[in-house]
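Colleague: Right, I'll just put the structure down here and ask away after.
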Amino acid sequence: MQTEILGNTESITIQNNTLVIKTAEAEARVMVYSPSIIRVYMSKAFDADDHSFAVIQKSGDLPAYTESATTVELNTTALKLRITKSPLRFNFYTAEGKALSEDDERFGVNWQNERVISYRKLYPDEKFIGLGEKTGNLNRRGSSYVNWNTDAALHDIKSDPLYKTFPFFIGLHSGFTYGLFFDNTHKSYFDFGATTDDKMSWFGADGGDMNYYFFGAQGVKDILKDYTWLTGRMEMPPLWSLGYQQCRWSYMSAKEVLDIAKKFREKQIPADVIYCDIDYMEDYKIFTWNKQTFPDPKAMIDQLKEMDFHLVTIVDPGIKIEEGYRQYDEGIENNYFATYPNGELYTASVWPGRCHFPDFLNEKVREWWGAAFTALTEPGVEGFWNDMNEPAAWGQNIPWMVKFGNYYMPQIRNVYGMEMAKGTYKGTRQLLGNKRPFVLTRAAYSGTQRYSAIWTGDNSATDDHLLLGQRLVNSLGLTGMAFTGVDIGGFTGKPTPELMVRWNSLGVYTPMFRNHAAEGTIMREPWEWGEENESIIKKDIEQRYRLLPYIYSGFYQSHQNGLPLSRTLAIDYTDDENIFDIKYHNQFLFGDSILVAPVESSNLLTEVYLPKGDWYRFSTGDKFAGEQVINAEAPLTDLPVFIKAGAIIPMQNIIQSTNEKGDGILELHTWNGTEANEFIYYEDDGSSYNYQNGSYYKRTISFNPSKNSITLSSIEGSFISKYDQVKLVLYGFNSNLKSLNINGENMDISPQENESYYCLFEMQTEPINITY
């Protein structure tokens with residue numbers, strides 16, 4: 001095997017706002033995308049169109065650089081890139097010259113045949129977070145990973161790789177932060193000191209180029225903002241997709257689907273979504289319905305809509321080889337399927353039997369695929385679940401010589417699922433008109449947040465998977481994927497009633513709240529666990545619906561700045577060593593102010609680490625000082641959840657579905673604290689794209705303890721809120737408080753549970769100023 005290490009600089013020029021540096025081994029190009037984002041792109045043979053599946057922005061003007069005999073230095077207001085000439089090495093610093101990330105002086109970037117690798121200096125206190133759907137600890141230091149999208153059925157808590165590729169991580173050391181996105185779709189590798197005697201970190205790929213974006217913003221939040229500016233942000237989801245979702249492989253008939261939906265309504269357990277897995281189809285053929293068991297899809301869906309349910313149906317990429325089957329015939333006629341190099345169609349077996357696979361890298365194929373969803377949208381389906389798109393085939397190893405247009409399998413396996421989701425999203429968005437589709441995908445690559453939600457695949461019914469699932473969701477949030485979920489209860493295996501109850505309580509604080517189970521497992525619906533457990537599950541689902549104003553506003557944050565709803569504590573408490581302790585690394589913030597401590601179903605008492613600040617137990621109102629470990633009671637009826645002092649959490653009354661208007665009262669729950677805080681409250685119609693044209697309702701709600709005030713700003717946007725009254729609920733305030741002054745008028749307050757007080761008043765369009 002030939003090894004070539006990037007050597008000495010031979011020439012330096014500027015071409016089209018790009019710094020071009022040539023060596024005997026390769027050419028390096030440096031581009032600036034913003035003051036805090038610099039791209040380094042090295043290749044032996046550049047692709048003329050410089051295509052990226054992930055990046056949606058273009059580079060900007062190149063700042064002036066200085067050159068000496070030994071170095072080239074490029075400065076922005078946020079970053080300093082110092083390039084040593086001999087040998088060619090790239091070293092990043094803050095604008096003040098503090099080291100962020102540097103090439104290893106000896107090995108830098110090198111090639112071993114087609115494989116390209118970057119070796120980097122490892123700092124003594126350096127931690128690494130990110131990479132998305134990866135098992136292991138919050139701190140990736142000492143671990144190594146492979147990105148190769150895989151149908152990871154029956155994976156365990158150490159398995160790697162899994163279903164998705166997000167080659168983006170954040171480094172933390174010396175009080176500084178940086179990010180690095182390796183935009184290479186080949187099979188890739190990340191090693192954070194695991195195999196180098198803790199001397200170097202390295203990343204690379206089996207092919208392609210050394211093409212990375214370096215992020216120099218200080219603070220994890222700002223890095224995420226920059227990364228999602230570069231790769232895109234999610235659109236506002238349909239509100240109904242944030243409610244409770246009931247799924248199973250499979251509900252075998254229209255009658256069974258309707259019976260399940262009716263039972264939710266009869267038992268008054270809130271729910272919005274029900275799924276059809278693969279058995280709704282005729283012989284597992286995509287875009288068909290089983291005429292015996294689902295004879296009239298529209299009639300079934302009409303009945304679901306009358307009960308305020310939305311239907312999500314599964315779609316897989318494999319197209320059954322069967323003459324007379326429309327998708328097969330059209331794909332053959334138009335050469336839309338993957339081939340061998342000699343032009344012979346590639347065939348592999350999945351659920352329908354022998355199948356061909358669409359070339360989703362081709363825009364025409366994606367358009368064809370998207371248009372075929374009329375078979376689902378015309379009866380009334382509004383959610384589209386993309387599965388088996390790693391792509392999966394029985395036996396797993398699709399030959400590397402298989403071609404998708406001009407791409408070979410190793411080049412595009414990691415983006416195939418995203419391109420399928422893109423075709424699904426664009427097609428269904430067009431078919432549904434001004435109605436938001438819900439798209440869900442199992443396989444993904446950086447940038448998938450623009451098109452789809454994701455879930456973590458086929459987990460198992462164990463406490464280990466409950467905890468792993470939350471770490472995966474938190475880590476995916478570090479890669480721009482805010483709309484994520486797990487299979488509540490575990491896809492495979494037999495959950496105990498205790499596990500089911502505990503996992504459901506955690507689902508309340510998971511961005512996508514879906515109960516799902518495999519064929520042959522026991523039924524998992526809320527009423528399958530005995531009356532006592534059913535009442536606990538019902539109570540927790542009701543809590544989810546009460547929190548929807550807070551949750552929807554949290555998704556607005558994701559839409560605006562890329563901040564996830566489920567947040568590892570490393571986002572807000574980066575410098576706190578305790579959050580990386582494996583005893584506490586499952587804990588997370590749900591939105592700005594709710595701290596959740598996942599607990600195994602068998603543990604009824606657990607240690608919880610509370611970061612800096614004061615905290616209130618959500619269920620009791622008990623107050624705790626931060627920066628300490630507490631022993632928290634954790635009965636199945638009460639997952640340990642804490643509210644940050646100064647928090648403002650909008651809530652509503654219990655409703656049975658998101659289509660229900662409710663009582664028209666917006667509850668503003670506010671916890672006393674010593675520091676000022678504000679919350680951006682957001683509302684729109686929850687279903688259309690009118691918000692993109694100003695039809696939304698937004699106002700800033702502020703808490704200022706130094707002025708003893710709570711204020712609601714003037715309204716931004718033209719949408720009229722569905723709430724016409726405000727119920728202000730106060731926790732931790734002076735027990736002698738008897739009244740509030742609201743826009744100059746004194747109003748009495750009333751006591752309620754957990755030593756809290758409330759005051760009910762009319763919603764007003766002008767600013768509302770409250771003093772206490």
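Within each chain, counting starts at residue 1; across the structure tokens, chains are named A, B, ... in the order shown, with ligands numbered 1 upward in that order.
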If you count only C-alpha atoms, which residues fall within 6 Å of Ala461 (chain A), apart from same-chain ones fewer than 4 positions away, as a PyMOL selection string?
Modeller: chain A and resi 489-490+493-495
Colleague: Would you save the residues of that selection, restricted to N, CA and C atoms, as a compact mmCIF listing (two decimals), in the first residue's frame?
Modeller:
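The result, written out as out.txt:
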```
# COMPACT_ATOMS: atom_id res chain seq x y z
N GLY A 489 -40.83 1.70 24.15
CA GLY A 489 -41.08 0.33 24.58
C GLY A 489 -40.13 -0.67 23.95
N GLY A 490 -39.40 -0.25 22.92
CA GLY A 490 -38.49 -1.16 22.24
C GLY A 490 -39.17 -1.88 21.09
N GLY A 493 -38.46 -7.62 21.34
CA GLY A 493 -38.45 -8.07 22.71
C GLY A 493 -39.78 -7.84 23.41
N LYS A 494 -39.78 -8.19 24.68
CA LYS A 494 -41.01 -8.11 25.47
C LYS A 494 -40.78 -7.19 26.65
N PRO A 495 -41.27 -5.96 26.59
CA PRO A 495 -41.07 -5.04 27.72
C PRO A 495 -41.90 -5.48 28.92
```
Colleague: Write out as an NGL selection string all residues of region 397-556 of chain A that DSSP puts in strand (DSSP E or B) for this structure's backbone.
Modeller: :A and (403-404 or 407-408 or 438-441 or 444-445 or 453-455 or 460 or 484-488 or 492 or 512-515)
Colleague: Show me, as JSON lines, the residues of region 281-377 of chain A having an atom within 9 Å of region 416-423 of chain A, each with the closest atom pair and its distance in Å, using only C-alpha atoms.
Modeller:
```
{"residue": "A:Pro317", "atom": "CA", "partner": "A:Met420", "partner_atom": "CA", "distance": 7.7}
{"residue": "A:Pro358", "atom": "CA", "partner": "A:Met420", "partner_atom": "CA", "distance": 8.8}
{"residue": "A:Asp359", "atom": "CA", "partner": "A:Tyr416", "partner_atom": "CA", "distance": 8.5}
{"residue": "A:Phe360", "atom": "CA", "partner": "A:Glu419", "partner_atom": "CA", "distance": 5.6}
{"residue": "A:Leu361", "atom": "CA", "partner": "A:Glu419", "partner_atom": "CA", "distance": 6.3}
{"residue": "A:Asn362", "atom": "CA", "partner": "A:Glu419", "partner_atom": "CA", "distance": 9.0}
{"residue": "A:Glu363", "atom": "CA", "partner": "A:Gly423", "partner_atom": "CA", "distance": 8.1}
{"residue": "A:Val365", "atom": "CA", "partner": "A:Gly423", "partner_atom": "CA", "distance": 8.2}
{"residue": "A:Arg366", "atom": "CA", "partner": "A:Gly423", "partner_atom": "CA", "distance": 4.5}
{"residue": "A:Glu367", "atom": "CA", "partner": "A:Gly423", "partner_atom": "CA", "distance": 6.4}
{"residue": "A:Trp368", "atom": "CA", "partner": "A:Gly423", "partner_atom": "CA", "distance": 8.5}
{"residue": "A:Trp369", "atom": "CA", "partner": "A:Gly423", "partner_atom": "CA", "distance": 6.4}
{"residue": "A:Gly370", "atom": "CA", "partner": "A:Gly423", "partner_atom": "CA", "distance": 5.4}
```
Colleague: Using all heavy atoms, can you export the residues from the last selection as a short mmCIF file (atom, residue, chain, number, x, y, z; two decimals), in the first residue's frame?
Modeller:
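Generated output (result-v9.cif):
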```
data_model
loop_
_atom_site.label_atom_id
_atom_site.label_comp_id
_atom_site.auth_asym_id
_atom_site.auth_seq_id
_atom_site.Cartn_x
_atom_site.Cartn_y
_atom_site.Cartn_z
N PRO A 317 -37.76 1.49 -0.52
CA PRO A 317 -37.27 1.79 -1.87
C PRO A 317 -37.37 0.63 -2.87
O PRO A 317 -37.43 0.87 -4.07
CB PRO A 317 -35.80 2.16 -1.64
CG PRO A 317 -35.43 1.48 -0.36
CD PRO A 317 -36.68 1.48 0.48
N PRO A 358 -34.59 2.27 -7.04
CA PRO A 358 -34.56 3.56 -7.75
C PRO A 358 -33.24 4.30 -7.53
O PRO A 358 -32.65 4.25 -6.44
CB PRO A 358 -35.72 4.33 -7.15
CG PRO A 358 -36.63 3.28 -6.59
CD PRO A 358 -35.73 2.19 -6.11
N ASP A 359 -32.84 5.02 -8.54
CA ASP A 359 -31.65 5.86 -8.46
C ASP A 359 -32.07 7.23 -7.93
O ASP A 359 -32.30 8.17 -8.69
CB ASP A 359 -31.01 6.00 -9.85
CG ASP A 359 -29.87 7.00 -9.87
OD1 ASP A 359 -29.39 7.38 -8.78
OD2 ASP A 359 -29.48 7.43 -10.97
N PHE A 360 -32.16 7.35 -6.61
CA PHE A 360 -32.63 8.60 -6.01
C PHE A 360 -31.62 9.74 -6.15
O PHE A 360 -31.93 10.87 -5.79
CB PHE A 360 -32.96 8.38 -4.53
CG PHE A 360 -34.18 7.54 -4.30
CD1 PHE A 360 -34.10 6.34 -3.61
CD2 PHE A 360 -35.41 7.96 -4.77
CE1 PHE A 360 -35.24 5.56 -3.40
CE2 PHE A 360 -36.56 7.18 -4.57
CZ PHE A 360 -36.46 5.99 -3.88
N LEU A 361 -30.43 9.44 -6.66
CA LEU A 361 -29.47 10.51 -6.91
C LEU A 361 -29.85 11.33 -8.13
O LEU A 361 -29.32 12.42 -8.34
CB LEU A 361 -28.06 9.93 -7.09
CG LEU A 361 -27.35 9.36 -5.86
CD1 LEU A 361 -27.17 10.43 -4.80
CD2 LEU A 361 -28.04 8.14 -5.29
N ASN A 362 -30.76 10.81 -8.92
CA ASN A 362 -31.23 11.43 -10.15
C ASN A 362 -32.49 12.24 -9.86
O ASN A 362 -33.49 11.70 -9.37
CB ASN A 362 -31.51 10.33 -11.19
CG ASN A 362 -31.92 10.88 -12.54
OD1 ASN A 362 -32.57 11.92 -12.64
ND2 ASN A 362 -31.55 10.16 -13.59
N GLU A 363 -32.46 13.53 -10.17
CA GLU A 363 -33.61 14.39 -9.86
C GLU A 363 -34.87 13.91 -10.55
O GLU A 363 -35.97 13.97 -9.99
CB GLU A 363 -33.30 15.83 -10.25
CG GLU A 363 -34.41 16.81 -9.86
CD GLU A 363 -34.05 18.25 -10.15
OE1 GLU A 363 -32.96 18.50 -10.69
OE2 GLU A 363 -34.88 19.13 -9.82
N VAL A 365 -35.69 10.88 -11.23
CA VAL A 365 -36.19 9.72 -10.49
C VAL A 365 -36.89 10.18 -9.21
O VAL A 365 -37.96 9.67 -8.85
CB VAL A 365 -35.05 8.74 -10.17
CG1 VAL A 365 -35.55 7.57 -9.32
CG2 VAL A 365 -34.43 8.21 -11.47
N ARG A 366 -36.32 11.16 -8.53
CA ARG A 366 -36.97 11.68 -7.32
C ARG A 366 -38.33 12.30 -7.65
O ARG A 366 -39.30 12.15 -6.90
CB ARG A 366 -36.08 12.72 -6.63
CG ARG A 366 -34.81 12.14 -6.01
CD ARG A 366 -34.17 13.11 -5.03
NE ARG A 366 -33.82 14.37 -5.63
CZ ARG A 366 -32.66 14.65 -6.22
NH1 ARG A 366 -31.72 13.73 -6.30
NH2 ARG A 366 -32.42 15.85 -6.73
N GLU A 367 -38.40 13.00 -8.77
CA GLU A 367 -39.69 13.59 -9.18
C GLU A 367 -40.71 12.50 -9.50
O GLU A 367 -41.89 12.60 -9.15
CB GLU A 367 -39.47 14.50 -10.39
CG GLU A 367 -38.70 15.78 -10.04
CD GLU A 367 -38.39 16.61 -11.27
OE1 GLU A 367 -38.63 16.12 -12.40
OE2 GLU A 367 -37.88 17.74 -11.11
N TRP A 368 -40.27 11.45 -10.19
CA TRP A 368 -41.14 10.32 -10.50
C TRP A 368 -41.62 9.65 -9.22
O TRP A 368 -42.81 9.36 -9.07
CB TRP A 368 -40.36 9.33 -11.39
CG TRP A 368 -40.94 7.96 -11.49
CD1 TRP A 368 -42.04 7.58 -12.21
CD2 TRP A 368 -40.43 6.77 -10.86
NE1 TRP A 368 -42.25 6.22 -12.07
CE2 TRP A 368 -41.28 5.70 -11.25
CE3 TRP A 368 -39.35 6.50 -10.03
CZ2 TRP A 368 -41.07 4.39 -10.82
CZ3 TRP A 368 -39.14 5.20 -9.60
CH2 TRP A 368 -39.99 4.17 -9.99
N TRP A 369 -40.71 9.43 -8.32
CA TRP A 369 -41.04 8.83 -7.02
C TRP A 369 -42.05 9.72 -6.27
O TRP A 369 -43.06 9.24 -5.77
CB TRP A 369 -39.76 8.67 -6.21
CG TRP A 369 -39.92 8.23 -4.79
CD1 TRP A 369 -39.93 9.02 -3.67
CD2 TRP A 369 -40.07 6.88 -4.31
NE1 TRP A 369 -40.08 8.28 -2.54
CE2 TRP A 369 -40.17 6.95 -2.90
CE3 TRP A 369 -40.14 5.64 -4.92
CZ2 TRP A 369 -40.32 5.82 -2.10
CZ3 TRP A 369 -40.29 4.50 -4.14
CH2 TRP A 369 -40.39 4.60 -2.75
N GLY A 370 -41.78 11.00 -6.21
CA GLY A 370 -42.66 11.91 -5.49
C GLY A 370 -44.05 11.96 -6.07
O GLY A 370 -45.06 12.01 -5.34
#
```
Colleague: Please report, as a list in words, each residue of region 75-226 of chain A to which DSSP assigns alpha helix (DSSP H) when run on this structure's backbone.
Modeller: Val220, Lys221, Asp222, Ile223, Leu224, Lys225 and Asp226 of chain A
Colleague: Go through A:Ile768, A:Val439, A:Ala205, A:Ala152 one by one, measure the shortest atom-to-atom distance of each to Pro391 (chain A) using only C-alpha atoms, and give the residue with the smallest value.
Modeller: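 Among the listed residues, the smallest separation from Pro391 (chain A) belongs to A:Ala152.
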